[in-house]
Amino acid sequence: REINTSTRTKSRTLNINSRLIARGGYRKTPINVSASKLEGETVFNETLAYTEQFEDYFRIDLGVAFNRNREKFNRTWSIDIQNVFNTENVAWESWDNQTQRVEIKNQLGIIPILSYRLTF
């Protein structure tokens, strides 16, 4: 959504945007627990490659940008917040030798991105 906040002397706009990402989880190869215990590191069961799947991926992003347009240059301040609801999406799994079990690692939570852009 773009909102015009211009005056007679200044050209300005406020942009509000959102994005929803929903997709099936990545395919994965199961970890061979007994071999991982012996090796002390992650060993995958290659005979069952890509037979399993992580949970579905879901994320909502929000953004706000403020543009000021001048005759010779434009400038934009913006903030984007990725994963607004802090959804814990699975990134990968690996063998943890200290706990002797398969550990699931999640992707990052909320990620704020602040930016300033100057265009001549």
# chains A, B, ... in the order shown; residues from 1 in each chain; ligands from 1
call {"tool": "residues_around", "arguments": {"residues": "Lys72 (chain A)", "least_positions_apart": "6", "cutoff": "12 Å", "atoms": "only C-alpha atoms", "output": "list in words"}}
result
Leu118, Thr119 and Phe120 of chain A
call {"tool": "closest_atom_pairs", "arguments": {"of": "region 11-83 of chain A", "to": "region 100-113 of chain A", "cutoff": "12 Å", "atoms": "only C-alpha atoms", "output": "JSON lines"}}
result
{"residue": "A:Pro30", "atom": "CA", "partner": "A:Val102", "partner_atom": "CA", "distance": 10.0}
{"residue": "A:Ile31", "atom": "CA", "partner": "A:Val102", "partner_atom": "CA", "distance": 7.7}
{"residue": "A:Asn32", "atom": "CA", "partner": "A:Val102", "partner_atom": "CA", "distance": 9.6}
{"residue": "A:Val33", "atom": "CA", "partner": "A:Arg101", "partner_atom": "CA", "distance": 7.7}
{"residue": "A:Ser34", "atom": "CA", "partner": "A:Gln100", "partner_atom": "CA", "distance": 10.1}
{"residue": "A:Ala35", "atom": "CA", "partner": "A:Gln100", "partner_atom": "CA", "distance": 11.6}
{"residue": "A:Ser36", "atom": "CA", "partner": "A:Gln100", "partner_atom": "CA", "distance": 8.8}
{"residue": "A:Lys37", "atom": "CA", "partner": "A:Gln100", "partner_atom": "CA", "distance": 7.0}
{"residue": "A:Leu38", "atom": "CA", "partner": "A:Gln100", "partner_atom": "CA", "distance": 10.6}
{"residue": "A:Glu39", "atom": "CA", "partner": "A:Gln100", "partner_atom": "CA", "distance": 11.6}
{"residue": "A:Gly40", "atom": "CA", "partner": "A:Gln100", "partner_atom": "CA", "distance": 9.0}
{"residue": "A:Glu41", "atom": "CA", "partner": "A:Gln100", "partner_atom": "CA", "distance": 9.9}
{"residue": "A:Thr42", "atom": "CA", "partner": "A:Val102", "partner_atom": "CA", "distance": 8.7}
{"residue": "A:Val43", "atom": "CA", "partner": "A:Val102", "partner_atom": "CA", "distance": 10.7}
{"residue": "A:Phe44", "atom": "CA", "partner": "A:Val102", "partner_atom": "CA", "distance": 11.3}
{"residue": "A:Phe54", "atom": "CA", "partner": "A:Ile104", "partner_atom": "CA", "distance": 10.2}
{"residue": "A:Glu55", "atom": "CA", "partner": "A:Asn106", "partner_atom": "CA", "distance": 11.3}
{"residue": "A:Tyr57", "atom": "CA", "partner": "A:Gln107", "partner_atom": "CA", "distance": 10.4}
{"residue": "A:Phe58", "atom": "CA", "partner": "A:Gln107", "partner_atom": "CA", "distance": 11.4}
{"residue": "A:Arg59", "atom": "CA", "partner": "A:Gly109", "partner_atom": "CA", "distance": 9.9}
{"residue": "A:Ile60", "atom": "CA", "partner": "A:Ile110", "partner_atom": "CA", "distance": 10.0}
{"residue": "A:Asp61", "atom": "CA", "partner": "A:Ile110", "partner_atom": "CA", "distance": 9.3}
{"residue": "A:Leu62", "atom": "CA", "partner": "A:Pro112", "partner_atom": "CA", "distance": 9.6}
{"residue": "A:Gly63", "atom": "CA", "partner": "A:Ile113", "partner_atom": "CA", "distance": 9.1}
{"residue": "A:Val64", "atom": "CA", "partner": "A:Ile113", "partner_atom": "CA", "distance": 10.6}
{"residue": "A:Ala65", "atom": "CA", "partner": "A:Ile113", "partner_atom": "CA", "distance": 11.4}
{"residue": "A:Trp77", "atom": "CA", "partner": "A:Ile113", "partner_atom": "CA", "distance": 10.8}
{"residue": "A:Ser78", "atom": "CA", "partner": "A:Ile113", "partner_atom": "CA", "distance": 8.1}
{"residue": "A:Ile79", "atom": "CA", "partner": "A:Ile113", "partner_atom": "CA", "distance": 5.5}
{"residue": "A:Asp80", "atom": "CA", "partner": "A:Ile113", "partner_atom": "CA", "distance": 5.0}
{"residue": "A:Ile81", "atom": "CA", "partner": "A:Pro112", "partner_atom": "CA", "distance": 4.4}
{"residue": "A:Gln82", "atom": "CA", "partner": "A:Ile111", "partner_atom": "CA", "distance": 5.0}
{"residue": "A:Asn83", "atom": "CA", "partner": "A:Ile110", "partner_atom": "CA", "distance": 5.0}
call {"tool": "select_by_dssp", "arguments": {"residues": "chain A", "states": "strand (DSSP E)", "output": "VMD selection string"}}
result
chain A and resid 2 to 4 11 to 23 27 to 28 52 to 53 57 to 69 74 to 82 90 to 96 101 to 106 111 to 119
call {"tool": "atom_distance", "arguments": {"atom1": "CA of Val84 (chain A)", "atom2": "CA of Thr13 (chain A)"}}
result
23.6 Å
call {"tool": "closest_residue", "arguments": {"among": "A:Asn15, A:Gly25, A:Asp96, A:Thr7", "to": "Phe66 (chain A)", "atoms": "only C-alpha atoms"}}
result
A:Asn15
call {"tool": "residues_around", "arguments": {"residues": "Arg70 (chain A)", "least_positions_apart": "2", "cutoff": "8 Å", "atoms": "only C-alpha atoms", "output": "list in words"}}
result
Lys10, Ser11, Arg68, Lys72, Phe73 and Asn74 of chain A
call {"tool": "select_by_dssp", "arguments": {"residues": "chain A", "states": "helix (DSSP H, G or I)", "output": "list in words"}}
result
Val33, Ser34, Ala35, Ser36, Lys37, Leu38, Glu39, Glu46, Thr47 and Leu48 of chain A
call {"tool": "residues_around", "arguments": {"residues": "Thr76 (chain A)", "least_positions_apart": "4", "cutoff": "6 Å", "atoms": "only C-alpha atoms", "output": "number ranges by chain"}}
result
A: 66-67, 116-117
call {"tool": "closest_residue", "arguments": {"among": "A:Gln98, A:Asn69, A:Asn86, A:Thr29", "to": "Glu46 (chain A)", "atoms": "only C-alpha atoms"}}
result
A:Thr29
call {"tool": "residues_around", "arguments": {"residues": "Ile3 (chain A)", "least_positions_apart": "2", "cutoff": "9 Å", "atoms": "only C-alpha atoms", "output": "JSON, numbers by chain"}}
result
{"A": [1, 5, 12, 13, 14, 15, 16]}
call {"tool": "write_last_selection", "arguments": {"atoms": "C-alpha atoms", "output": "compact mmCIF listing (two decimals), in the first residue's frame"}}
result
# COMPACT_ATOMS: atom_id res chain seq x y z
CA ARG A 1 0.00 0.00 0.00
CA THR A 5 1.84 12.41 2.12
CA ARG A 12 6.62 12.27 -0.04
CA THR A 13 5.13 8.79 0.13
CA LEU A 14 4.66 6.22 2.85
CA ASN A 15 4.77 2.57 1.78
CA ILE A 16 3.41 -0.28 3.86
